[in-house]
Amino acid sequence: MKAKWLALLFVLPFAVFFIAFQLAPLVWVAVSSFYSDTYEAWGFGNYSDILTSPFYLQAMKFSLDISFWSSIYGLLIALVGSYSLRQLGPTKLHDFVMSFTNMTSNFAGVPLAFAFVILLGLNGTLTLILRKYGLMSSFNLYSRDGLIVLYTYFQIPLGVLLLYPAFDGLREDWKESAALLGAGKWRFWRYIGLPVLAPALMGTFVILLANALGAYATVYALTTGNFNVVPVRIAALVSGDISLDPNMGSALAILLVLLMAVITLVHQWLLRRSYVNVR
């Protein structure tokens with residue numbers, strides 16, 4: 001009992017910080033989202049305005065569109081990269097790539113936006129080179145496609161760090177047994193490899209999606225807030241760049257949380273189905 005009380009005592013600082021910086025702000029945002037400055041009353045006025053406004057619905061559409069495709073591309077590239085790193089084994093190149101991945105996973109925000117402007121902006125280094133040789137004609141970094149490329153870049157390192165340990169679940173003797181039974185590489189990955197990796201793939205996809213949906217500094221620094229995505233709209237409502245309405249911003253934030261909750265529930269349902277299929 002003494003050891004348990006001692007353990008609880010050490011957990012107490014974490015619990016205090018978790019309540020103060022996670023639960024309390026979320027509760028405050030949830031409560032304030034029900035007060036409408038427009039109607040000067042409590043209710044669902046903010047949510048009604050958001051769900052009937054083409055402007056806010058467009059922000060949600062763009063956020064989901066960019067987040068979904070950047071997560072898909074990042075997941076596929078991270079999957080191939082993680083498998084290739086696993087095949088390399090403990091070599092100097094392997095250690096260098098893992099160290100580089102750890103470093104670039106923290107390279108985001110304003111520095112990343114500035115780097116992409118230098119490389120792929122309208123007069124960026126790579127843009128001018130590719131345009132000179134006729135390999136690029138209509139790419140625009142500040143458009144939807146440009147943002148997907150930018151988001152995909154910071155999704156890849158996170159995807160590699162999350163997927164790399166998952167390959168420990170694939171045993172080498174499974175490949176050998178499948179080969180002895182006449183199964184080629186495609187059939188091995190179709191019936192053994194991918195089903196075993198499915199929980200990790202779905203979990204990584206959800207994390208990448210959440211990472212992209214909440215990204216703010218990078219897209220704001222790149223477009224100076226002119227591209228209509230949910231985090232930029234929340235920041236504009238809170239900072240008062242156009243009109244100060246933090247309660248509307250709270251409602252947008254809660255809708256973003258609910259969206260992620262729905263995605264997480266679907267993810268858990270798919271996980272249960274994948275575990276049943278593997279068994």
# chains A, B, ... in the order shown; residues from 1 in each chain; ligands from 1
call {"tool": "residues_around", "arguments": {"residues": "Leu162 of chain A", "least_positions_apart": "6", "cutoff": "10 Å", "atoms": "only C-alpha atoms", "output": "short mmCIF file (atom, residue, chain, number, x, y, z; two decimals) with N, CA, C and O atoms, in the first residue's frame"}}
result
data_model
loop_
_atom_site.label_atom_id
_atom_site.label_comp_id
_atom_site.auth_asym_id
_atom_site.auth_seq_id
_atom_site.Cartn_x
_atom_site.Cartn_y
_atom_site.Cartn_z
N LEU A 75 1.50 8.73 -45.62
CA LEU A 75 1.46 7.36 -45.13
C LEU A 75 2.10 6.40 -46.12
O LEU A 75 2.88 5.51 -45.73
N ALA A 78 5.86 7.00 -46.18
CA ALA A 78 6.43 6.52 -44.91
C ALA A 78 6.45 5.00 -44.84
O ALA A 78 7.38 4.41 -44.29
N LEU A 79 5.42 4.35 -45.41
CA LEU A 79 5.37 2.90 -45.42
C LEU A 79 6.53 2.32 -46.22
O LEU A 79 7.24 1.42 -45.74
N SER A 82 9.85 3.17 -44.34
CA SER A 82 10.06 2.36 -43.13
C SER A 82 10.48 0.94 -43.48
O SER A 82 11.38 0.37 -42.84
N ILE A 156 5.66 13.01 -43.55
CA ILE A 156 6.51 11.85 -43.81
C ILE A 156 7.38 11.46 -42.61
O ILE A 156 7.39 10.30 -42.19
N ALA A 200 -1.47 -0.67 -37.26
CA ALA A 200 -0.48 0.41 -37.23
C ALA A 200 -0.72 1.41 -38.35
O ALA A 200 -0.58 2.63 -38.15
N LEU A 201 -1.11 0.93 -39.53
CA LEU A 201 -1.37 1.83 -40.65
C LEU A 201 -2.57 2.74 -40.36
O LEU A 201 -2.50 3.95 -40.60
N GLY A 203 -3.82 3.48 -37.37
CA GLY A 203 -3.48 4.38 -36.27
C GLY A 203 -2.60 5.52 -36.72
O GLY A 203 -2.80 6.68 -36.32
N THR A 204 -1.63 5.23 -37.57
CA THR A 204 -0.75 6.28 -38.09
C THR A 204 -1.53 7.26 -38.95
O THR A 204 -1.31 8.48 -38.87
N PHE A 205 -2.46 6.75 -39.76
CA PHE A 205 -3.26 7.63 -40.60
C PHE A 205 -4.08 8.61 -39.76
O PHE A 205 -4.15 9.81 -40.08
N ILE A 207 -3.40 9.70 -36.73
CA ILE A 207 -2.49 10.68 -36.12
C ILE A 207 -2.04 11.71 -37.15
O ILE A 207 -1.98 12.91 -36.87
N LEU A 208 -1.73 11.25 -38.37
CA LEU A 208 -1.34 12.18 -39.42
C LEU A 208 -2.48 13.12 -39.77
O LEU A 208 -2.27 14.32 -40.02
#
call {"tool": "residues_around", "arguments": {"residues": "segment 87-89 of chain A", "least_positions_apart": "6", "cutoff": "12 Å", "atoms": "only C-alpha atoms", "output": "PyMOL selection string"}}
result
chain A and resi 80-81+95-98+164+167-168+170+172
call {"tool": "closest_atom_pairs", "arguments": {"of": "segment 149-237 of chain A", "to": "segment 111-121 of chain A", "cutoff": "10 Å", "atoms": "only C-alpha atoms", "output": "tab-separated table"}}
result
residue	atom	partner	partner_atom	distance
A:Val149	CA	A:Phe116	CA	9.7
A:Leu150	CA	A:Phe116	CA	7.5
A:Tyr153	CA	A:Leu112	CA	9.3
A:Phe154	CA	A:Leu112	CA	8.7
A:Ala217	CA	A:Ala113	CA	8.6
A:Thr218	CA	A:Ala113	CA	5.5
A:Val219	CA	A:Ala113	CA	7.4
A:Tyr220	CA	A:Ala113	CA	8.8
A:Ala221	CA	A:Ala113	CA	6.2
A:Leu222	CA	A:Ala113	CA	5.3
A:Thr223	CA	A:Ala113	CA	9.1
call {"tool": "write_last_selection", "arguments": {"atoms": "C-alpha atoms", "output": "PDB file, in the first residue's frame"}}
result
ATOM      1  CA  VAL A 149       2.917  19.073 -51.045  1.00  0.00           C
ATOM      2  CA  LEU A 150       3.905  21.175 -48.040  1.00  0.00           C
ATOM      3  CA  TYR A 153       6.571  16.937 -46.330  1.00  0.00           C
ATOM      4  CA  PHE A 154       6.037  17.268 -42.572  1.00  0.00           C
ATOM      5  CA  ALA A 217       1.768  28.223 -38.265  1.00  0.00           C
ATOM      6  CA  THR A 218       2.976  26.713 -41.550  1.00  0.00           C
ATOM      7  CA  VAL A 219      -0.104  27.511 -43.628  1.00  0.00           C
ATOM      8  CA  TYR A 220      -0.456  30.960 -42.060  1.00  0.00           C
ATOM      9  CA  ALA A 221       3.192  31.862 -42.689  1.00  0.00           C
ATOM     10  CA  LEU A 222       2.946  30.639 -46.282  1.00  0.00           C
ATOM     11  CA  THR A 223      -0.348  32.284 -47.237  1.00  0.00           C
TER      12      THR A 223
END
call {"tool": "atom_distance", "arguments": {"atom1": "atom CA of Gly74 of chain A", "atom2": "atom CA of Trp174 of chain A"}}
result
27.4 Å
call {"tool": "residues_around", "arguments": {"residues": "Ser70 of chain A", "least_positions_apart": "6", "cutoff": "6 Å", "atoms": "only C-alpha atoms", "output": "PyMOL selection string"}}
result
chain A and resi 148+151-152
call {"tool": "write_last_selection", "arguments": {"atoms": "N, CA and C atoms", "output": "PDB file, in the first residue's frame"}}
result
ATOM      1  N   ILE A 148      -0.831  20.775 -50.218  1.00  0.00           N
ATOM      2  CA  ILE A 148      -0.761  19.329 -50.042  1.00  0.00           C
ATOM      3  C   ILE A 148       0.689  18.859 -50.068  1.00  0.00           C
ATOM      4  N   TYR A 151       2.229  20.005 -46.718  1.00  0.00           N
ATOM      5  CA  TYR A 151       1.751  19.184 -45.602  1.00  0.00           C
ATOM      6  C   TYR A 151       2.354  17.787 -45.666  1.00  0.00           C
ATOM      7  N   THR A 152       2.438  17.238 -46.895  1.00  0.00           N
ATOM      8  CA  THR A 152       2.991  15.890 -47.045  1.00  0.00           C
ATOM      9  C   THR A 152       4.421  15.835 -46.539  1.00  0.00           C
TER      10      THR A 152
END
call {"tool": "residues_around", "arguments": {"residues": "Gln58 of chain A", "least_positions_apart": "6", "cutoff": "12 Å", "atoms": "only C-alpha atoms", "output": "PDB file with N, CA and C atoms, in the first residue's frame"}}
result
ATOM      1  N   ILE A  50     -22.282  28.573 -38.217  1.00  0.00           N
ATOM      2  CA  ILE A  50     -21.164  27.889 -38.878  1.00  0.00           C
ATOM      3  C   ILE A  50     -21.679  26.906 -39.921  1.00  0.00           C
ATOM      4  N   LEU A  51     -22.665  26.098 -39.529  1.00  0.00           N
ATOM      5  CA  LEU A  51     -23.143  25.033 -40.411  1.00  0.00           C
ATOM      6  C   LEU A  51     -24.015  25.551 -41.557  1.00  0.00           C
ATOM      7  N   THR A  52     -24.411  26.819 -41.508  1.00  0.00           N
ATOM      8  CA  THR A  52     -25.190  27.402 -42.609  1.00  0.00           C
ATOM      9  C   THR A  52     -24.384  28.446 -43.380  1.00  0.00           C
ATOM     10  N   LEU A  64     -10.289  19.382 -44.560  1.00  0.00           N
ATOM     11  CA  LEU A  64     -10.412  17.934 -44.712  1.00  0.00           C
ATOM     12  C   LEU A  64      -9.733  17.446 -45.980  1.00  0.00           C
ATOM     13  N   ASP A  65      -9.902  18.189 -47.060  1.00  0.00           N
ATOM     14  CA  ASP A  65      -9.318  17.802 -48.342  1.00  0.00           C
ATOM     15  C   ASP A  65      -7.793  17.761 -48.260  1.00  0.00           C
ATOM     16  N   PHE A 227      -5.550  31.673 -47.129  1.00  0.00           N
ATOM     17  CA  PHE A 227      -6.154  30.402 -47.536  1.00  0.00           C
ATOM     18  C   PHE A 227      -7.138  29.970 -46.454  1.00  0.00           C
ATOM     19  N   ASN A 228      -8.328  29.596 -46.881  1.00  0.00           N
ATOM     20  CA  ASN A 228      -9.437  29.372 -45.957  1.00  0.00           C
ATOM     21  C   ASN A 228      -9.426  27.950 -45.391  1.00  0.00           C
ATOM     22  N   VAL A 229      -8.741  27.781 -44.246  1.00  0.00           N
ATOM     23  CA  VAL A 229      -8.778  26.517 -43.512  1.00  0.00           C
ATOM     24  C   VAL A 229      -9.201  26.814 -42.078  1.00  0.00           C
ATOM     25  N   VAL A 230      -9.666  25.783 -41.369  1.00  0.00           N
ATOM     26  CA  VAL A 230     -10.265  25.979 -40.049  1.00  0.00           C
ATOM     27  C   VAL A 230      -9.301  26.609 -39.038  1.00  0.00           C
ATOM     28  N   ARG A 233      -9.110  30.277 -39.610  1.00  0.00           N
ATOM     29  CA  ARG A 233     -10.357  30.955 -39.257  1.00  0.00           C
ATOM     30  C   ARG A 233     -10.482  31.107 -37.738  1.00  0.00           C
TER      31      ARG A 233
END
call {"tool": "select_by_dssp", "arguments": {"residues": "segment 36-109 of chain A", "states": "alpha helix (DSSP H)", "output": "number ranges by chain"}}
result
A: 45-51, 54-88, 92-104
call {"tool": "residues_around", "arguments": {"residues": "segment 185-191 of chain A", "least_positions_apart": "5", "cutoff": "10 Å", "atoms": "only C-alpha atoms", "output": "number ranges by chain"}}
result
A: 174-179, 196-197, 278
call {"tool": "closest_residue", "arguments": {"among": "A:Ser32, A:Ser105, A:Leu93, A:Thr127", "to": "Gly45 of chain A", "atoms": "only C-alpha atoms"}}
result
A:Ser32
call {"tool": "atom_distance", "arguments": {"atom1": "atom CA of Val31 of chain A", "atom2": "atom CA of Ala251 of chain A"}}
result
9.2 Å
call {"tool": "select_by_dssp", "arguments": {"residues": "segment 11-249 of chain A", "states": "strand (DSSP E or B)", "output": "number ranges by chain"}}
result
A: 35-36, 41-42
call {"tool": "closest_residue", "arguments": {"among": "A:Leu265, A:Ile129, A:Val232, A:Ile72", "to": "Ala215 of chain A", "atoms": "only C-alpha atoms"}}
result
A:Val232
call {"tool": "closest_residue", "arguments": {"among": "A:Ser143, A:Leu255, A:Asn247, A:Met103", "to": "Trp42 of chain A", "atoms": "only C-alpha atoms"}}
result
A:Asn247
call {"tool": "closest_residue", "arguments": {"among": "A:Phe68, A:Ala261, A:Thr125, A:Pro54", "to": "Gln155 of chain A", "atoms": "only C-alpha atoms"}}
result
A:Phe68
call {"tool": "closest_residue", "arguments": {"among": "A:Gly182, A:Phe100, A:Leu213, A:Phe10", "to": "Trp69 of chain A", "atoms": "only C-alpha atoms"}}
result
A:Leu213
call {"tool": "atom_distance", "arguments": {"atom1": "atom CA of Arg86 of chain A", "atom2": "atom CA of Leu194 of chain A"}}
result
15.5 Å
call {"tool": "closest_residue", "arguments": {"among": "A:Tyr73, A:Ile192, A:Phe55, A:Leu256", "to": "Asp173 of chain A", "atoms": "only C-alpha atoms"}}
result
A:Ile192
call {"tool": "decode", "arguments": {"residues": "segment 33-46 of chain A", "atoms": "N, CA, C and O atoms", "output": "PDB file, in the first residue's frame"}}
result
ATOM      1  N   SER A  33     -18.432  28.192 -26.310  1.00  0.00           N
ATOM      2  CA  SER A  33     -18.946  28.020 -27.674  1.00  0.00           C
ATOM      3  C   SER A  33     -20.462  28.143 -27.740  1.00  0.00           C
ATOM      4  O   SER A  33     -21.016  28.354 -28.825  1.00  0.00           O
ATOM      5  N   PHE A  34     -21.138  28.012 -26.601  1.00  0.00           N
ATOM      6  CA  PHE A  34     -22.607  28.082 -26.597  1.00  0.00           C
ATOM      7  C   PHE A  34     -23.132  29.496 -26.359  1.00  0.00           C
ATOM      8  O   PHE A  34     -24.348  29.700 -26.334  1.00  0.00           O
ATOM      9  N   TYR A  35     -22.222  30.461 -26.180  1.00  0.00           N
ATOM     10  CA  TYR A  35     -22.677  31.854 -26.048  1.00  0.00           C
ATOM     11  C   TYR A  35     -22.422  32.600 -27.349  1.00  0.00           C
ATOM     12  O   TYR A  35     -21.292  32.655 -27.827  1.00  0.00           O
ATOM     13  N   SER A  36     -23.457  33.159 -27.910  1.00  0.00           N
ATOM     14  CA  SER A  36     -23.350  33.864 -29.192  1.00  0.00           C
ATOM     15  C   SER A  36     -23.312  35.368 -28.955  1.00  0.00           C
ATOM     16  O   SER A  36     -24.231  35.933 -28.343  1.00  0.00           O
ATOM     17  N   ASP A  37     -22.247  36.007 -29.436  1.00  0.00           N
ATOM     18  CA  ASP A  37     -22.168  37.463 -29.355  1.00  0.00           C
ATOM     19  C   ASP A  37     -23.166  38.128 -30.299  1.00  0.00           C
ATOM     20  O   ASP A  37     -23.618  39.251 -30.053  1.00  0.00           O
ATOM     21  N   THR A  38     -23.506  37.444 -31.384  1.00  0.00           N
ATOM     22  CA  THR A  38     -24.461  38.001 -32.348  1.00  0.00           C
ATOM     23  C   THR A  38     -25.852  38.098 -31.741  1.00  0.00           C
ATOM     24  O   THR A  38     -26.530  39.133 -31.848  1.00  0.00           O
ATOM     25  N   TYR A  39     -26.287  36.997 -31.095  1.00  0.00           N
ATOM     26  CA  TYR A  39     -27.628  36.964 -30.510  1.00  0.00           C
ATOM     27  C   TYR A  39     -27.636  37.383 -29.050  1.00  0.00           C
ATOM     28  O   TYR A  39     -28.699  37.561 -28.457  1.00  0.00           O
ATOM     29  N   GLU A  40     -26.431  37.517 -28.447  1.00  0.00           N
ATOM     30  CA  GLU A  40     -26.279  37.865 -27.035  1.00  0.00           C
ATOM     31  C   GLU A  40     -27.123  36.951 -26.152  1.00  0.00           C
ATOM     32  O   GLU A  40     -27.870  37.386 -25.275  1.00  0.00           O
ATOM     33  N   ALA A  41     -26.972  35.653 -26.407  1.00  0.00           N
ATOM     34  CA  ALA A  41     -27.735  34.662 -25.647  1.00  0.00           C
ATOM     35  C   ALA A  41     -27.025  33.324 -25.726  1.00  0.00           C
ATOM     36  O   ALA A  41     -26.171  33.092 -26.595  1.00  0.00           O
ATOM     37  N   TRP A  42     -27.368  32.447 -24.784  1.00  0.00           N
ATOM     38  CA  TRP A  42     -26.823  31.088 -24.783  1.00  0.00           C
ATOM     39  C   TRP A  42     -27.654  30.214 -25.704  1.00  0.00           C
ATOM     40  O   TRP A  42     -28.865  30.390 -25.819  1.00  0.00           O
ATOM     41  N   GLY A  43     -26.993  29.289 -26.363  1.00  0.00           N
ATOM     42  CA  GLY A  43     -27.707  28.381 -27.254  1.00  0.00           C
ATOM     43  C   GLY A  43     -26.786  27.838 -28.335  1.00  0.00           C
ATOM     44  O   GLY A  43     -25.559  27.843 -28.198  1.00  0.00           O
ATOM     45  N   PHE A  44     -27.394  27.386 -29.410  1.00  0.00           N
ATOM     46  CA  PHE A  44     -26.642  26.798 -30.524  1.00  0.00           C
ATOM     47  C   PHE A  44     -26.478  27.777 -31.679  1.00  0.00           C
ATOM     48  O   PHE A  44     -26.292  27.366 -32.830  1.00  0.00           O
ATOM     49  N   GLY A  45     -26.538  29.069 -31.372  1.00  0.00           N
ATOM     50  CA  GLY A  45     -26.458  30.075 -32.420  1.00  0.00           C
ATOM     51  C   GLY A  45     -25.151  30.032 -33.195  1.00  0.00           C
ATOM     52  O   GLY A  45     -25.151  30.147 -34.427  1.00  0.00           O
ATOM     53  N   ASN A  46     -24.024  29.857 -32.495  1.00  0.00           N
ATOM     54  CA  ASN A  46     -22.731  29.801 -33.177  1.00  0.00           C
ATOM     55  C   ASN A  46     -22.645  28.606 -34.120  1.00  0.00           C
ATOM     56  O   ASN A  46     -22.177  28.720 -35.254  1.00  0.00           O
TER      57      ASN A  46
END
